[in-house]
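To start, the structure under review is shown below, and the notes come after it.
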Amino acid sequence: MSGRPTPHLPSQGAELGTTAPFLPQLGDLATDTSRNGRVGIVVALPGEGAATYHLRPPGGGPEWSAPADASTLEPVPARPTHATLLVTDAVYDPCANQGSVAIVVHHEDGGRSEAALILTPTDLERLHAQTGRMLGESERSPSGTP
């Protein structure tokens, strides 16, 4: 959540949902929504000789400030590194004319998240051909070697 007030739901207070507000610490990467998603490293916190957050581009450059309530700052998510199959059955939806396979997306910080890999009939045919080729190669190679 953005932590911004939700005037259309005054009974909910300033935040909606259960996510804690993002309050970056020194050295954190943050995206500044008031600067078109510009990413910066937090180099000064409000209250430590500064009235606002101060950020600097990761490669260096001029600093900028963001509000002390961090209302324009969002965390920079860890990049995904790879995905693996989740042990569940694949599902085909004839109404949508697509298949779905559950996967686990692994992130560079060690985190994981579940997602669905959506496949059209053309994707399914291509994947079938590619996995068939890989299975053939694995059967021809000596056990335990690539």
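To be explicit about the labels: the chains of the structure tokens are called A, B, and onward in the order shown, and within each one the residues are counted from 1, while ligands get numbers from 1 in the order they are shown.
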>> Just want the 7 Å neighbourhood of Ser65 (chain A), counted on only C-alpha atoms, with same-chain residues fewer than 3 positions away dropped. Output as number ranges by chain.
In response: A: 52-55
For all heavy atoms, I'd like the residues from the last selection saved as a PDB file, in the first residue's frame.
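result.pdb was written with the following content:
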```
ATOM      1  N   THR A  52      13.940  15.995   5.760  1.00  0.00           N
ATOM      2  CA  THR A  52      13.362  15.100   4.755  1.00  0.00           C
ATOM      3  C   THR A  52      14.317  13.933   4.528  1.00  0.00           C
ATOM      4  O   THR A  52      15.439  13.923   5.036  1.00  0.00           O
ATOM      5  CB  THR A  52      13.170  15.840   3.415  1.00  0.00           C
ATOM      6  OG1 THR A  52      14.441  16.308   2.966  1.00  0.00           O
ATOM      7  CG2 THR A  52      12.194  16.997   3.547  1.00  0.00           C
ATOM      8  N   TYR A  53      13.858  12.950   3.751  1.00  0.00           N
ATOM      9  CA  TYR A  53      14.759  11.906   3.267  1.00  0.00           C
ATOM     10  C   TYR A  53      15.627  12.504   2.175  1.00  0.00           C
ATOM     11  O   TYR A  53      15.165  13.335   1.388  1.00  0.00           O
ATOM     12  CB  TYR A  53      13.969  10.737   2.662  1.00  0.00           C
ATOM     13  CG  TYR A  53      13.362   9.812   3.684  1.00  0.00           C
ATOM     14  CD1 TYR A  53      12.049   9.995   4.113  1.00  0.00           C
ATOM     15  CD2 TYR A  53      14.095   8.746   4.193  1.00  0.00           C
ATOM     16  CE1 TYR A  53      11.488   9.137   5.048  1.00  0.00           C
ATOM     17  CE2 TYR A  53      13.530   7.886   5.129  1.00  0.00           C
ATOM     18  CZ  TYR A  53      12.234   8.088   5.552  1.00  0.00           C
ATOM     19  OH  TYR A  53      11.684   7.237   6.467  1.00  0.00           O
ATOM     20  N   HIS A  54      16.879  12.122   2.122  1.00  0.00           N
ATOM     21  CA  HIS A  54      17.757  12.520   1.032  1.00  0.00           C
ATOM     22  C   HIS A  54      18.180  11.266   0.302  1.00  0.00           C
ATOM     23  O   HIS A  54      18.583  10.277   0.921  1.00  0.00           O
ATOM     24  CB  HIS A  54      18.982  13.272   1.558  1.00  0.00           C
ATOM     25  CG  HIS A  54      18.651  14.642   2.050  1.00  0.00           C
ATOM     26  ND1 HIS A  54      19.182  15.776   1.507  1.00  0.00           N
ATOM     27  CD2 HIS A  54      17.808  15.063   3.038  1.00  0.00           C
ATOM     28  CE1 HIS A  54      18.701  16.837   2.125  1.00  0.00           C
ATOM     29  NE2 HIS A  54      17.862  16.420   3.064  1.00  0.00           N
ATOM     30  N   LEU A  55      18.084  11.311  -1.032  1.00  0.00           N
ATOM     31  CA  LEU A  55      18.434  10.168  -1.870  1.00  0.00           C
ATOM     32  C   LEU A  55      19.467  10.585  -2.903  1.00  0.00           C
ATOM     33  O   LEU A  55      19.523  11.750  -3.299  1.00  0.00           O
ATOM     34  CB  LEU A  55      17.193   9.615  -2.580  1.00  0.00           C
ATOM     35  CG  LEU A  55      16.121   9.038  -1.665  1.00  0.00           C
ATOM     36  CD1 LEU A  55      15.069  10.062  -1.341  1.00  0.00           C
ATOM     37  CD2 LEU A  55      15.502   7.824  -2.290  1.00  0.00           C
TER      38      LEU A  55
END
```
>> For the helix (DSSP H, G or I) assignment from backbone DSSP, which residues of chain A qualify? Please present them as a PyMOL selection string.
In response: chain A and resi 10-12+33-35+121-140
Skip Pro62 (chain A) itself and residues of its chain fewer than 4 positions away, then list as a short mmCIF file (atom, residue, chain, number, x, y, z; two decimals) with C-alpha atoms, in the first residue's frame all residues within 12 Å of it, counting only C-alpha atoms.
```
data_model
loop_
_atom_site.label_atom_id
_atom_site.label_comp_id
_atom_site.auth_asym_id
_atom_site.auth_seq_id
_atom_site.Cartn_x
_atom_site.Cartn_y
_atom_site.Cartn_z
CA GLY A 40 17.89 6.30 -5.23
CA ILE A 41 19.92 5.22 -2.23
CA VAL A 43 21.72 8.81 2.31
CA HIS A 54 17.76 12.52 1.03
CA LEU A 55 18.43 10.17 -1.87
CA ARG A 56 21.28 9.84 -4.36
CA PRO A 57 21.29 7.88 -7.64
CA PRO A 58 23.06 4.49 -7.25
#
```
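Minimum atom-to-atom distance to Asp69 (chain A), evaluated using only C-alpha atoms, belongs to A:Gly47 out of A:Pro121, A:Gly47, A:Gly99, A:Gly110.
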